[in-house]
Structure formats: structure tokens, C-alpha cells
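Asks: My structure is stored as coords32.cif, with mmCIF, N, CA, C and O atoms.
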data_upload
#
loop_
_atom_site.group_PDB
_atom_site.id
_atom_site.type_symbol
_atom_site.label_atom_id
_atom_site.label_comp_id
_atom_site.auth_asym_id
_atom_site.auth_seq_id
_atom_site.Cartn_x
_atom_site.Cartn_y
_atom_site.Cartn_z
ATOM 1 N N MET A 1 -8.562 10.313 17.687
ATOM 2 C CA MET A 1 -8.978 8.960 17.421
ATOM 3 C C MET A 1 -9.622 8.918 16.025
ATOM 4 O O MET A 1 -9.659 9.892 15.325
ATOM 5 N N SER A 2 -10.168 7.773 15.684
ATOM 6 C CA SER A 2 -10.810 7.627 14.385
ATOM 7 C C SER A 2 -12.256 8.093 14.449
ATOM 8 O O SER A 2 -12.720 8.559 15.474
ATOM 9 N N GLU A 3 -12.967 7.909 13.307
ATOM 10 C CA GLU A 3 -14.357 8.350 13.236
ATOM 11 C C GLU A 3 -15.191 7.673 14.327
ATOM 12 O O GLU A 3 -15.927 8.324 15.038
ATOM 13 N N ALA A 4 -15.115 6.360 14.412
ATOM 14 C CA ALA A 4 -15.854 5.613 15.427
ATOM 15 C C ALA A 4 -14.919 5.363 16.605
ATOM 16 O O ALA A 4 -13.861 4.777 16.447
ATOM 17 N N GLU A 5 -15.333 5.824 17.773
ATOM 18 C CA GLU A 5 -14.494 5.679 18.953
ATOM 19 C C GLU A 5 -14.404 4.205 19.335
ATOM 20 O O GLU A 5 -15.420 3.515 19.421
ATOM 21 N N PRO A 6 -13.192 3.704 19.555
ATOM 22 C CA PRO A 6 -13.047 2.290 19.921
ATOM 23 C C PRO A 6 -13.494 2.067 21.360
ATOM 24 O O PRO A 6 -13.602 3.004 22.148
ATOM 25 N N THR A 7 -13.713 0.809 21.694
ATOM 26 C CA THR A 7 -13.963 0.475 23.088
ATOM 27 C C THR A 7 -12.617 0.510 23.806
ATOM 28 O O THR A 7 -11.552 0.522 23.167
ATOM 29 N N PHE A 8 -12.661 0.511 25.116
ATOM 30 C CA PHE A 8 -11.431 0.459 25.895
ATOM 31 C C PHE A 8 -10.617 -0.775 25.494
ATOM 32 O O PHE A 8 -9.403 -0.695 25.291
ATOM 33 N N GLU A 9 -11.294 -1.900 25.373
ATOM 34 C CA GLU A 9 -10.610 -3.151 25.058
ATOM 35 C C GLU A 9 -9.963 -3.113 23.677
ATOM 36 O O GLU A 9 -8.852 -3.620 23.498
ATOM 37 N N GLN A 10 -10.642 -2.522 22.705
ATOM 38 C CA GLN A 10 -10.063 -2.398 21.360
ATOM 39 C C GLN A 10 -8.827 -1.508 21.392
ATOM 40 O O GLN A 10 -7.810 -1.828 20.764
ATOM 41 N N ALA A 11 -8.906 -0.393 22.110
ATOM 42 C CA ALA A 11 -7.774 0.519 22.204
ATOM 43 C C ALA A 11 -6.608 -0.151 22.917
ATOM 44 O O ALA A 11 -5.449 -0.013 22.499
ATOM 45 N N GLN A 12 -6.898 -0.898 23.967
ATOM 46 C CA GLN A 12 -5.847 -1.591 24.708
ATOM 47 C C GLN A 12 -5.156 -2.635 23.827
ATOM 48 O O GLN A 12 -3.929 -2.730 23.822
ATOM 49 N N THR A 13 -5.938 -3.379 23.067
ATOM 50 C CA THR A 13 -5.376 -4.392 22.170
ATOM 51 C C THR A 13 -4.486 -3.741 21.114
ATOM 52 O O THR A 13 -3.373 -4.214 20.852
ATOM 53 N N GLU A 14 -4.961 -2.651 20.528
ATOM 54 C CA GLU A 14 -4.150 -1.960 19.519
ATOM 55 C C GLU A 14 -2.865 -1.424 20.139
ATOM 56 O O GLU A 14 -1.782 -1.518 19.541
ATOM 57 N N LEU A 15 -2.960 -0.892 21.344
ATOM 58 C CA LEU A 15 -1.780 -0.377 22.026
ATOM 59 C C LEU A 15 -0.780 -1.506 22.288
ATOM 60 O O LEU A 15 0.432 -1.335 22.075
ATOM 61 N N GLU A 16 -1.259 -2.651 22.706
ATOM 62 C CA GLU A 16 -0.381 -3.804 22.932
ATOM 63 C C GLU A 16 0.310 -4.228 21.638
ATOM 64 O O GLU A 16 1.492 -4.575 21.642
ATOM 65 N N GLN A 17 -0.411 -4.190 20.526
ATOM 66 C CA GLN A 17 0.169 -4.536 19.229
ATOM 67 C C GLN A 17 1.248 -3.532 18.831
ATOM 68 O O GLN A 17 2.288 -3.909 18.282
ATOM 69 N N ILE A 18 1.006 -2.261 19.098
ATOM 70 C CA ILE A 18 1.988 -1.227 18.785
ATOM 71 C C ILE A 18 3.253 -1.437 19.605
ATOM 72 O O ILE A 18 4.376 -1.369 19.084
ATOM 73 N N VAL A 19 3.093 -1.703 20.893
ATOM 74 C CA VAL A 19 4.252 -1.936 21.763
ATOM 75 C C VAL A 19 5.061 -3.124 21.245
ATOM 76 O O VAL A 19 6.291 -3.059 21.142
ATOM 77 N N ALA A 20 4.371 -4.205 20.904
ATOM 78 C CA ALA A 20 5.061 -5.389 20.388
ATOM 79 C C ALA A 20 5.826 -5.054 19.108
ATOM 80 O O ALA A 20 6.981 -5.471 18.938
ATOM 81 N N ARG A 21 5.191 -4.303 18.231
ATOM 82 C CA ARG A 21 5.840 -3.919 16.953
ATOM 83 C C ARG A 21 7.086 -3.080 17.220
ATOM 84 O O ARG A 21 8.120 -3.282 16.596
ATOM 85 N N LEU A 22 6.981 -2.131 18.133
ATOM 86 C CA LEU A 22 8.130 -1.286 18.452
ATOM 87 C C LEU A 22 9.240 -2.095 19.117
ATOM 88 O O LEU A 22 10.424 -1.850 18.864
ATOM 89 N N GLU A 23 8.863 -3.054 19.955
ATOM 90 C CA GLU A 23 9.865 -3.871 20.632
ATOM 91 C C GLU A 23 10.619 -4.777 19.669
ATOM 92 O O GLU A 23 11.756 -5.153 19.934
ATOM 93 N N GLU A 24 9.991 -5.107 18.536
ATOM 94 C CA GLU A 24 10.677 -5.910 17.519
ATOM 95 C C GLU A 24 11.894 -5.171 16.968
ATOM 96 O O GLU A 24 12.866 -5.798 16.570
ATOM 97 N N GLY A 25 11.801 -3.856 16.922
ATOM 98 C CA GLY A 25 12.913 -3.043 16.451
ATOM 99 C C GLY A 25 13.143 -3.066 14.954
ATOM 100 O O GLY A 25 14.205 -2.667 14.494
ATOM 101 N N ARG A 26 12.158 -3.508 14.186
ATOM 102 C CA ARG A 26 12.347 -3.592 12.740
ATOM 103 C C ARG A 26 11.595 -2.513 11.976
ATOM 104 O O ARG A 26 11.622 -2.480 10.754
ATOM 105 N N ALA A 27 10.926 -1.623 12.677
ATOM 106 C CA ALA A 27 10.184 -0.546 12.013
ATOM 107 C C ALA A 27 11.166 0.534 11.561
ATOM 108 O O ALA A 27 12.162 0.808 12.237
ATOM 109 N N SER A 28 10.862 1.133 10.428
ATOM 110 C CA SER A 28 11.672 2.265 9.977
ATOM 111 C C SER A 28 11.460 3.417 10.954
ATOM 112 O O SER A 28 10.526 3.403 11.758
ATOM 113 N N LEU A 29 12.301 4.409 10.862
ATOM 114 C CA LEU A 29 12.181 5.561 11.752
ATOM 115 C C LEU A 29 10.821 6.228 11.600
ATOM 116 O O LEU A 29 10.144 6.515 12.596
ATOM 117 N N ASP A 30 10.393 6.455 10.366
ATOM 118 C CA ASP A 30 9.098 7.096 10.136
ATOM 119 C C ASP A 30 7.951 6.247 10.680
ATOM 120 O O ASP A 30 7.023 6.768 11.296
ATOM 121 N N GLU A 31 8.019 4.952 10.464
ATOM 122 C CA GLU A 31 6.973 4.057 10.967
ATOM 123 C C GLU A 31 6.983 4.038 12.495
ATOM 124 O O GLU A 31 5.926 4.090 13.131
ATOM 125 N N ALA A 32 8.168 3.996 13.090
ATOM 126 C CA ALA A 32 8.284 3.979 14.554
ATOM 127 C C ALA A 32 7.699 5.256 15.152
ATOM 128 O O ALA A 32 7.007 5.213 16.165
ATOM 129 N N LEU A 33 7.966 6.381 14.511
ATOM 130 C CA LEU A 33 7.415 7.645 15.002
ATOM 131 C C LEU A 33 5.888 7.654 14.904
ATOM 132 O O LEU A 33 5.204 8.108 15.820
ATOM 133 N N ALA A 34 5.362 7.152 13.796
ATOM 134 C CA ALA A 34 3.903 7.091 13.625
ATOM 135 C C ALA A 34 3.288 6.138 14.643
ATOM 136 O O ALA A 34 2.240 6.438 15.235
ATOM 137 N N LEU A 35 3.938 5.004 14.867
ATOM 138 C CA LEU A 35 3.444 4.054 15.864
ATOM 139 C C LEU A 35 3.479 4.665 17.255
ATOM 140 O O LEU A 35 2.545 4.504 18.041
ATOM 141 N N TRP A 36 4.567 5.353 17.551
ATOM 142 C CA TRP A 36 4.694 5.994 18.870
ATOM 143 C C TRP A 36 3.573 7.014 19.074
ATOM 144 O O TRP A 36 2.948 7.058 20.128
ATOM 145 N N GLN A 37 3.331 7.830 18.059
ATOM 146 C CA GLN A 37 2.283 8.848 18.155
ATOM 147 C C GLN A 37 0.919 8.194 18.361
ATOM 148 O O GLN A 37 0.135 8.626 19.207
ATOM 149 N N ARG A 38 0.629 7.165 17.601
ATOM 150 C CA ARG A 38 -0.646 6.464 17.755
ATOM 151 C C ARG A 38 -0.728 5.844 19.154
ATOM 152 O O ARG A 38 -1.775 5.868 19.802
ATOM 153 N N GLY A 39 0.381 5.302 19.624
ATOM 154 C CA GLY A 39 0.414 4.735 20.967
ATOM 155 C C GLY A 39 0.118 5.772 22.029
ATOM 156 O O GLY A 39 -0.605 5.499 22.992
ATOM 157 N N GLU A 40 0.654 6.955 21.865
ATOM 158 C CA GLU A 40 0.377 8.048 22.816
ATOM 159 C C GLU A 40 -1.108 8.401 22.819
ATOM 160 O O GLU A 40 -1.695 8.627 23.869
ATOM 161 N N GLU A 41 -1.714 8.443 21.627
ATOM 162 C CA GLU A 41 -3.142 8.735 21.527
ATOM 163 C C GLU A 41 -3.968 7.654 22.226
ATOM 164 O O GLU A 41 -4.904 7.966 22.970
ATOM 165 N N LEU A 42 -3.609 6.405 21.983
ATOM 166 C CA LEU A 42 -4.336 5.299 22.597
ATOM 167 C C LEU A 42 -4.148 5.283 24.104
ATOM 168 O O LEU A 42 -5.091 5.012 24.855
ATOM 169 N N TYR A 43 -2.937 5.573 24.559
ATOM 170 C CA TYR A 43 -2.672 5.623 25.993
ATOM 171 C C TYR A 43 -3.545 6.699 26.656
ATOM 172 O O TYR A 43 -4.166 6.452 27.684
ATOM 173 N N ALA A 44 -3.595 7.871 26.047
ATOM 174 C CA ALA A 44 -4.405 8.966 26.603
ATOM 175 C C ALA A 44 -5.886 8.569 26.624
ATOM 176 O O ALA A 44 -6.598 8.851 27.597
ATOM 177 N N PHE A 45 -6.355 7.924 25.569
ATOM 178 C CA PHE A 45 -7.736 7.477 25.495
ATOM 179 C C PHE A 45 -8.035 6.474 26.606
ATOM 180 O O PHE A 45 -9.024 6.610 27.335
ATOM 181 N N CYS A 46 -7.163 5.476 26.767
ATOM 182 C CA CYS A 46 -7.366 4.450 27.796
ATOM 183 C C CYS A 46 -7.294 5.066 29.186
ATOM 184 O O CYS A 46 -8.094 4.739 30.066
ATOM 185 N N ARG A 47 -6.364 5.959 29.390
ATOM 186 C CA ARG A 47 -6.225 6.610 30.696
ATOM 187 C C ARG A 47 -7.486 7.404 31.042
ATOM 188 O O ARG A 47 -7.971 7.353 32.172
ATOM 189 N N ALA A 48 -8.023 8.114 30.068
ATOM 190 C CA ALA A 48 -9.245 8.890 30.306
ATOM 191 C C ALA A 48 -10.415 7.964 30.631
ATOM 192 O O ALA A 48 -11.223 8.264 31.521
ATOM 193 N N LYS A 49 -10.520 6.841 29.928
ATOM 194 C CA LYS A 49 -11.583 5.880 30.208
ATOM 195 C C LYS A 49 -11.447 5.325 31.619
ATOM 196 O O LYS A 49 -12.439 5.187 32.340
ATOM 197 N N LEU A 50 -10.224 4.983 32.025
ATOM 198 C CA LEU A 50 -10.001 4.452 33.369
ATOM 199 C C LEU A 50 -10.303 5.492 34.440
ATOM 200 O O LEU A 50 -10.918 5.173 35.466
ATOM 201 N N ASP A 51 -9.867 6.721 34.208
ATOM 202 C CA ASP A 51 -10.153 7.797 35.166
ATOM 203 C C ASP A 51 -11.661 8.011 35.308
ATOM 204 O O ASP A 51 -12.170 8.196 36.414
ATOM 205 N N SER A 52 -12.368 7.961 34.191
ATOM 206 C CA SER A 52 -13.815 8.135 34.211
ATOM 207 C C SER A 52 -14.482 6.992 34.969
ATOM 208 O O SER A 52 -15.388 7.218 35.781
ATOM 209 N N ALA A 53 -14.040 5.784 34.711
ATOM 210 C CA ALA A 53 -14.603 4.624 35.403
ATOM 211 C C ALA A 53 -14.319 4.708 36.901
ATOM 212 O O ALA A 53 -15.194 4.417 37.722
ATOM 213 N N HIS A 54 -13.122 5.127 37.254
ATOM 214 C CA HIS A 54 -12.760 5.264 38.667
ATOM 215 C C HIS A 54 -13.671 6.286 39.352
ATOM 216 O O HIS A 54 -14.168 6.058 40.455
ATOM 217 N N GLY A 55 -13.888 7.402 38.699
ATOM 218 C CA GLY A 55 -14.776 8.429 39.247
ATOM 219 C C GLY A 55 -16.193 7.919 39.416
ATOM 220 O O GLY A 55 -16.847 8.186 40.429
ATOM 221 N N ARG A 56 -16.665 7.176 38.443
ATOM 222 C CA ARG A 56 -18.021 6.626 38.513
ATOM 223 C C ARG A 56 -18.141 5.619 39.657
ATOM 224 O O ARG A 56 -19.140 5.600 40.379
ATOM 225 N N ILE A 57 -17.113 4.792 39.838
ATOM 226 C CA ILE A 57 -17.116 3.818 40.936
ATOM 227 C C ILE A 57 -17.151 4.531 42.278
ATOM 228 O O ILE A 57 -17.893 4.133 43.186
ATOM 229 N N GLU A 58 -16.386 5.606 42.407
ATOM 230 C CA GLU A 58 -16.404 6.374 43.650
ATOM 231 C C GLU A 58 -17.794 6.961 43.901
ATOM 232 O O GLU A 58 -18.277 6.955 45.034
ATOM 233 N N GLU A 59 -18.436 7.475 42.861
ATOM 234 C CA GLU A 59 -19.801 8.015 43.001
ATOM 235 C C GLU A 59 -20.764 6.931 43.473
ATOM 236 O O GLU A 59 -21.582 7.158 44.367
ATOM 237 N N LEU A 60 -20.670 5.765 42.856
ATOM 238 C CA LEU A 60 -21.564 4.666 43.217
ATOM 239 C C LEU A 60 -21.309 4.199 44.654
ATOM 240 O O LEU A 60 -22.248 3.888 45.378
ATOM 241 N N ALA A 61 -20.041 4.175 45.053
ATOM 242 C CA ALA A 61 -19.718 3.760 46.414
ATOM 243 C C ALA A 61 -20.268 4.753 47.423
ATOM 244 O O ALA A 61 -20.812 4.351 48.470
ATOM 245 N N ARG A 62 -20.157 6.047 47.128
ATOM 246 C CA ARG A 62 -20.716 7.066 48.038
ATOM 247 C C ARG A 62 -22.230 6.946 48.108
ATOM 248 O O ARG A 62 -22.818 7.065 49.179
ATOM 249 N N ALA A 63 -22.854 6.693 46.998
ATOM 250 C CA ALA A 63 -24.316 6.566 46.969
ATOM 251 C C ALA A 63 -24.790 5.321 47.725
ATOM 252 O O ALA A 63 -25.887 5.314 48.281
ATOM 253 N N ALA A 64 -23.958 4.308 47.774
ATOM 254 C CA ALA A 64 -24.328 3.063 48.448
ATOM 255 C C ALA A 64 -24.086 3.112 49.946
ATOM 256 O O ALA A 64 -24.591 2.270 50.684
ATOM 257 N N GLU A 65 -23.331 4.111 50.417
ATOM 258 C CA GLU A 65 -23.048 4.220 51.843
ATOM 259 C C GLU A 65 -24.328 4.561 52.591
ATOM 260 O O GLU A 65 -25.127 5.394 52.131
ATOM 261 N N PRO A 66 -24.515 3.930 53.751
ATOM 262 C CA PRO A 66 -25.700 4.283 54.538
ATOM 263 C C PRO A 66 -25.586 5.726 55.046
ATOM 264 O O PRO A 66 -24.519 6.188 55.397
ATOM 265 N N HIS A 67 -26.688 6.421 55.008
ATOM 266 C CA HIS A 67 -26.724 7.815 55.474
ATOM 267 C C HIS A 67 -27.025 7.831 56.961
ATOM 268 O O HIS A 67 -27.940 7.192 57.430
ATOM 269 N N SER A 68 -26.233 8.586 57.696
ATOM 270 C CA SER A 68 -26.428 8.662 59.157
ATOM 271 C C SER A 68 -27.451 9.698 59.518
ATOM 272 O O SER A 68 -27.610 10.700 58.961
#
Just dump the structure as C-alpha cells.
Replies:
Amino acid sequence: MSEAEPTFEQAQTELEQIVARLEEGRASLDEALALWQRGEELYAFCRAKLDSAHGRIEELARAAEPHS
């Protein structure tokens, strides 16, 4: 990623823009490859954020369960 880590929402927006650009089909091969690579990085970043949030939600749900 870059120097300052983006928020999930910023990464998602950039990823959506990359997908739209690639779907246009007007990027040169080199540009398409660079966009694809950046998209892969953003996808991995977003996936890790979602996995982390999911884990945290599970922890909170377990903590909220009444203890028998």
C-alpha cells in the first residue's frame, strides 16, 4: 500500500474505479497490468479488513453471551 494506509472505504472506492477503468477496455497493456496489480493489492487489503472485522464481531458476540 502507500505511505498512509487508506480506510476500507477509500480502498473500496479505488478498487471500484480500477474495475470500471478495466471494463472500459481502453487501457494499454502496461496500464491494464498496473491497474490489475493495484486492484489485487486493494482486494487483499479489503479482504484482510473484513476478516479482521468479522473476527472482532465474533469476539464481541461471545463476550455478550450470558455465562451459564
Asks: Neighbours of stretch 40-53 of chain A within 7 Å (all atoms listed in the file; same-chain residues fewer than 4 positions away dropped), as an MDAnalysis selection string?
Replies: chainID A and resid 1 8 11:12 15 34:36 57:59
Asks: Can you spit out the residues from that selection as a CSV table (one decimal), in the frame of the given file, using N, CA, C and O atoms?
Replies:
chain,number,residue,atom,x,y,z
A,1,MET,N,-8.6,10.3,17.7
A,1,MET,CA,-9.0,9.0,17.4
A,1,MET,C,-9.6,8.9,16.0
A,1,MET,O,-9.7,9.9,15.3
A,8,PHE,N,-12.7,0.5,25.1
A,8,PHE,CA,-11.4,0.5,25.9
A,8,PHE,C,-10.6,-0.8,25.5
A,8,PHE,O,-9.4,-0.7,25.3
A,11,ALA,N,-8.9,-0.4,22.1
A,11,ALA,CA,-7.8,0.5,22.2
A,11,ALA,C,-6.6,-0.2,22.9
A,11,ALA,O,-5.4,0.0,22.5
A,12,GLN,N,-6.9,-0.9,24.0
A,12,GLN,CA,-5.8,-1.6,24.7
A,12,GLN,C,-5.2,-2.6,23.8
A,12,GLN,O,-3.9,-2.7,23.8
A,15,LEU,N,-3.0,-0.9,21.3
A,15,LEU,CA,-1.8,-0.4,22.0
A,15,LEU,C,-0.8,-1.5,22.3
A,15,LEU,O,0.4,-1.3,22.1
A,34,ALA,N,5.4,7.2,13.8
A,34,ALA,CA,3.9,7.1,13.6
A,34,ALA,C,3.3,6.1,14.6
A,34,ALA,O,2.2,6.4,15.2
A,35,LEU,N,3.9,5.0,14.9
A,35,LEU,CA,3.4,4.1,15.9
A,35,LEU,C,3.5,4.7,17.3
A,35,LEU,O,2.5,4.5,18.0
A,36,TRP,N,4.6,5.4,17.6
A,36,TRP,CA,4.7,6.0,18.9
A,36,TRP,C,3.6,7.0,19.1
A,36,TRP,O,2.9,7.1,20.1
A,57,ILE,N,-17.1,4.8,39.8
A,57,ILE,CA,-17.1,3.8,40.9
A,57,ILE,C,-17.2,4.5,42.3
A,57,ILE,O,-17.9,4.1,43.2
A,58,GLU,N,-16.4,5.6,42.4
A,58,GLU,CA,-16.4,6.4,43.6
A,58,GLU,C,-17.8,7.0,43.9
A,58,GLU,O,-18.3,7.0,45.0
A,59,GLU,N,-18.4,7.5,42.9
A,59,GLU,CA,-19.8,8.0,43.0
A,59,GLU,C,-20.8,6.9,43.5
A,59,GLU,O,-21.6,7.2,44.4
Asks: How would you write, as a ChimeraX atom specification, the set of residues in chain A that DSSP gives as helix (DSSP H, G or I)?
Replies: /A:8-24,29-64
Asks: What's the 12 Å shell around A:Glu23, counting only C-alpha atoms, without same-chain residues fewer than 4 positions away, as a PyMOL selection string?
Replies: chain A and resi 16-19+27+32+35-36
Asks: What is the distance, in Å and to one decimal place, between atom O of A:Arg38 and atom C of A:Thr13?
Replies: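 Computing the Euclidean distance for atom O of A:Arg38 and atom C of A:Thr13 yields 10.1 Å.
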Asks: By how many Å are atom O of A:Ala4 and atom O of A:Leu22 apart?
Replies: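 Atom O of A:Leu22 lies 25.3 Å from atom O of A:Ala4.
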Asks: Quick one, how far is atom N of A:Gly39 from atom C of A:Glu14?
Replies: 7.5 Å
Asks: Kindly compute an axis-aligned box around the listed atoms of stretch 39-57 of chain A, allowing 4 Å on each side, and express its centre and edge lengths in Å to one decimal as AutoDock Vina command-line options.
Replies:
--center_x -9.2 --center_y 6.4 --center_z 31.4 --size_x 27.8 --size_y 13.1 --size_z 31.6
